[in-house]
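Input: a single structure, listed below in structure tokens.
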Amino acid sequence: MLPLQVPSTALALLSLLLLVVALSSDHWLEARRNGVFVHSGLWKICVNSVCAMPSKLPDYIEATKMFLMLGLLAGLLSAFSLLALLRGSGFDTMSLCVVPAMRSFSAGSCILIALTMFTSEVAEVLKVTWPHVCFGWSWGLARPPSPSSC
């Protein structure tokens with residue numbers, strides 16, 4: 001069982017690192033129009049390198065942040081469970097493997113809900129107001145890889 005525990009723990013920690021970077025960065029959306037470069041994240045909006053934190057954000061961004069934080073918490077609990085399994089215990093390790101698996105599933109579900117909500121709402125809002133908006137690298141760190149049109 002140890003040969004699978006080490007890579008799963010390393011990948012869990014790597015995914016947490018990528019999620020933290022995605023949460024803290026401000027390149028979820030990017031647009032360039034008439035020499036103006038705009039990028040925004042979940043906390044701030046930047047226009048030509050001048051950033052501001054809006055006092056009121058739309059509800060879907062607040063919900064996205066909440067689900068991503070829940071996913072981060074579940075991922076941390078999963079990683080701690082995997083690290084505890086690496087240390088070894090006197091209990092049946094097969095039944096202990098269920099705990100980090102369920103926490104990882106919960107983390108993935110929360111992140112999937114957050115990204116689906118963000119993507120669908122942004123697509124509805126921006127396709128009319130600013131049609132040349134692309135999802136940035138921050139959004140890409142939080143999602144599975146797929147072909148991009150931007």
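As shown in the structure tokens, the chain order sets the letters A, B, ...; within each chain, residues go from 1, and ligands are also counted from 1 in the order they appear.
Here the DSSP assignment of strand (DSSP E or B), based on backbone atoms, applies within region 13-140 of chain A to Leu29, Glu30, Ala31, Arg32, Arg33, Val36, Phe37, Val38, His39, Ser40, Ile45, Cys46, Val47, Val50, Cys51, Ala52, Val133, Cys134 and Phe135 of chain A.
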Show me, as a PyMOL selection string, the residues that have an atom within 9 Å of Gly75 (chain A) when counting only C-alpha atoms, minus same-chain residues fewer than 6 positions from it.
chain A and resi 12-13+15-16+100+103-108
Residue subset to file, keeping N, CA, C and O atoms, as a PDB file, in the first residue's frame:
ATOM      1  N   ALA A  12      -1.883  15.243  -3.681  1.00  0.00           N
ATOM      2  CA  ALA A  12      -2.850  15.995  -2.877  1.00  0.00           C
ATOM      3  C   ALA A  12      -2.244  17.328  -2.435  1.00  0.00           C
ATOM      4  O   ALA A  12      -2.905  18.370  -2.498  1.00  0.00           O
ATOM      5  N   LEU A  13      -0.992  17.314  -2.004  1.00  0.00           N
ATOM      6  CA  LEU A  13      -0.330  18.550  -1.591  1.00  0.00           C
ATOM      7  C   LEU A  13      -0.099  19.487  -2.776  1.00  0.00           C
ATOM      8  O   LEU A  13      -0.256  20.703  -2.653  1.00  0.00           O
ATOM      9  N   SER A  15      -1.998  19.641  -5.492  1.00  0.00           N
ATOM     10  CA  SER A  15      -3.292  20.218  -5.864  1.00  0.00           C
ATOM     11  C   SER A  15      -3.700  21.322  -4.896  1.00  0.00           C
ATOM     12  O   SER A  15      -4.295  22.322  -5.302  1.00  0.00           O
ATOM     13  N   LEU A  16      -3.376  21.174  -3.623  1.00  0.00           N
ATOM     14  CA  LEU A  16      -3.657  22.241  -2.664  1.00  0.00           C
ATOM     15  C   LEU A  16      -2.846  23.491  -2.973  1.00  0.00           C
ATOM     16  O   LEU A  16      -3.363  24.613  -2.891  1.00  0.00           O
ATOM     17  N   PRO A 100      -9.543   9.763   3.796  1.00  0.00           N
ATOM     18  CA  PRO A 100      -8.988  10.755   2.863  1.00  0.00           C
ATOM     19  C   PRO A 100      -9.653  10.698   1.486  1.00  0.00           C
ATOM     20  O   PRO A 100      -9.768  11.726   0.813  1.00  0.00           O
ATOM     21  N   ARG A 103     -12.799  12.732   1.770  1.00  0.00           N
ATOM     22  CA  ARG A 103     -12.456  14.157   1.872  1.00  0.00           C
ATOM     23  C   ARG A 103     -11.975  14.700   0.531  1.00  0.00           C
ATOM     24  O   ARG A 103     -12.306  15.829   0.161  1.00  0.00           O
ATOM     25  N   SER A 104     -11.223  13.909  -0.198  1.00  0.00           N
ATOM     26  CA  SER A 104     -10.778  14.333  -1.531  1.00  0.00           C
ATOM     27  C   SER A 104     -11.962  14.462  -2.476  1.00  0.00           C
ATOM     28  O   SER A 104     -12.029  15.400  -3.285  1.00  0.00           O
ATOM     29  N   PHE A 105     -12.892  13.537  -2.399  1.00  0.00           N
ATOM     30  CA  PHE A 105     -14.095  13.613  -3.220  1.00  0.00           C
ATOM     31  C   PHE A 105     -14.901  14.858  -2.877  1.00  0.00           C
ATOM     32  O   PHE A 105     -15.412  15.546  -3.769  1.00  0.00           O
ATOM     33  N   SER A 106     -15.014  15.157  -1.587  1.00  0.00           N
ATOM     34  CA  SER A 106     -15.732  16.368  -1.163  1.00  0.00           C
ATOM     35  C   SER A 106     -15.031  17.623  -1.673  1.00  0.00           C
ATOM     36  O   SER A 106     -15.691  18.563  -2.135  1.00  0.00           O
ATOM     37  N   ALA A 107     -13.714  17.644  -1.593  1.00  0.00           N
ATOM     38  CA  ALA A 107     -12.954  18.799  -2.084  1.00  0.00           C
ATOM     39  C   ALA A 107     -13.165  18.982  -3.573  1.00  0.00           C
ATOM     40  O   ALA A 107     -13.435  20.092  -4.045  1.00  0.00           O
ATOM     41  N   GLY A 108     -13.062  17.913  -4.325  1.00  0.00           N
ATOM     42  CA  GLY A 108     -13.260  17.989  -5.764  1.00  0.00           C
ATOM     43  C   GLY A 108     -14.667  18.439  -6.124  1.00  0.00           C
ATOM     44  O   GLY A 108     -14.863  19.225  -7.060  1.00  0.00           O
TER      45      GLY A 108
END
Test item: residues at most 6 Å from region 52-69 of chain A, only C-alpha atoms, excluding those fewer than 2 positions along its chain, as number ranges by chain
A: 44-45, 71-72, 110-111, 114
Resulting file, chosen residues, N, CA, C and O atoms, as an mmCIF file, in the first residue's frame:
data_model
loop_
_atom_site.group_PDB
_atom_site.id
_atom_site.type_symbol
_atom_site.label_atom_id
_atom_site.label_comp_id
_atom_site.auth_asym_id
_atom_site.auth_seq_id
_atom_site.Cartn_x
_atom_site.Cartn_y
_atom_site.Cartn_z
ATOM 1 N N LYS A 44 -9.960 41.219 -6.540
ATOM 2 C CA LYS A 44 -9.669 42.554 -7.061
ATOM 3 C C LYS A 44 -9.732 42.580 -8.580
ATOM 4 O O LYS A 44 -9.659 41.555 -9.241
ATOM 5 N N ILE A 45 -9.847 43.801 -9.107
ATOM 6 C CA ILE A 45 -9.913 44.058 -10.539
ATOM 7 C C ILE A 45 -8.771 45.003 -10.896
ATOM 8 O O ILE A 45 -8.553 46.002 -10.203
ATOM 9 N N GLY A 71 -13.668 23.685 -0.511
ATOM 10 C CA GLY A 71 -12.834 22.698 -1.192
ATOM 11 C C GLY A 71 -11.419 22.682 -0.660
ATOM 12 O O GLY A 71 -10.811 21.619 -0.503
ATOM 13 N N LEU A 72 -10.890 23.869 -0.363
ATOM 14 C CA LEU A 72 -9.549 23.962 0.207
ATOM 15 C C LEU A 72 -9.502 23.322 1.592
ATOM 16 O O LEU A 72 -8.565 22.579 1.911
ATOM 17 N N CYS A 110 -16.699 20.349 -4.288
ATOM 18 C CA CYS A 110 -16.828 21.778 -3.983
ATOM 19 C C CYS A 110 -16.149 22.637 -5.046
ATOM 20 O O CYS A 110 -16.697 23.657 -5.473
ATOM 21 N N ILE A 111 -14.980 22.229 -5.486
ATOM 22 C CA ILE A 111 -14.254 22.984 -6.504
ATOM 23 C C ILE A 111 -14.995 22.931 -7.840
ATOM 24 O O ILE A 111 -15.103 23.935 -8.542
ATOM 25 N N ALA A 114 -17.914 25.301 -7.640
ATOM 26 C CA ALA A 114 -17.451 26.697 -7.709
ATOM 27 C C ALA A 114 -17.100 27.100 -9.134
ATOM 28 O O ALA A 114 -17.512 28.164 -9.606
#
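Counting only C-alpha atoms, the residue from A:His27, A:His39, A:Arg87, A:Arg33 that sits nearest to His132 (chain A) is A:Arg33.
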Point-to-point distance from CA of Trp139 (chain A) to CA of Asp26 (chain A), Å rounded to tenths:
9.3 Å
I'd like the contact shell of Thr9 (chain A) - 12 Å cut-off, only C-alpha atoms, skipping same-chain residues fewer than 2 positions apart - returned as a list of chain:residue names.
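After dropping sequence-adjacent residues, the list is A:Leu2, A:Pro3, A:Leu4, A:Gln5, A:Val6, A:Pro7, A:Leu11, A:Ala12, A:Leu13, A:Leu14, A:Ser15, A:Leu16, A:Gly75, A:Leu76, A:Leu77, A:Ser78, A:Ala79, A:Phe80, A:Ser81, A:Leu82, A:Leu83, A:Ala84, A:Leu85, A:Leu86, A:Arg87, A:Cys97, A:Pro100, A:Ala101, A:Ser104.
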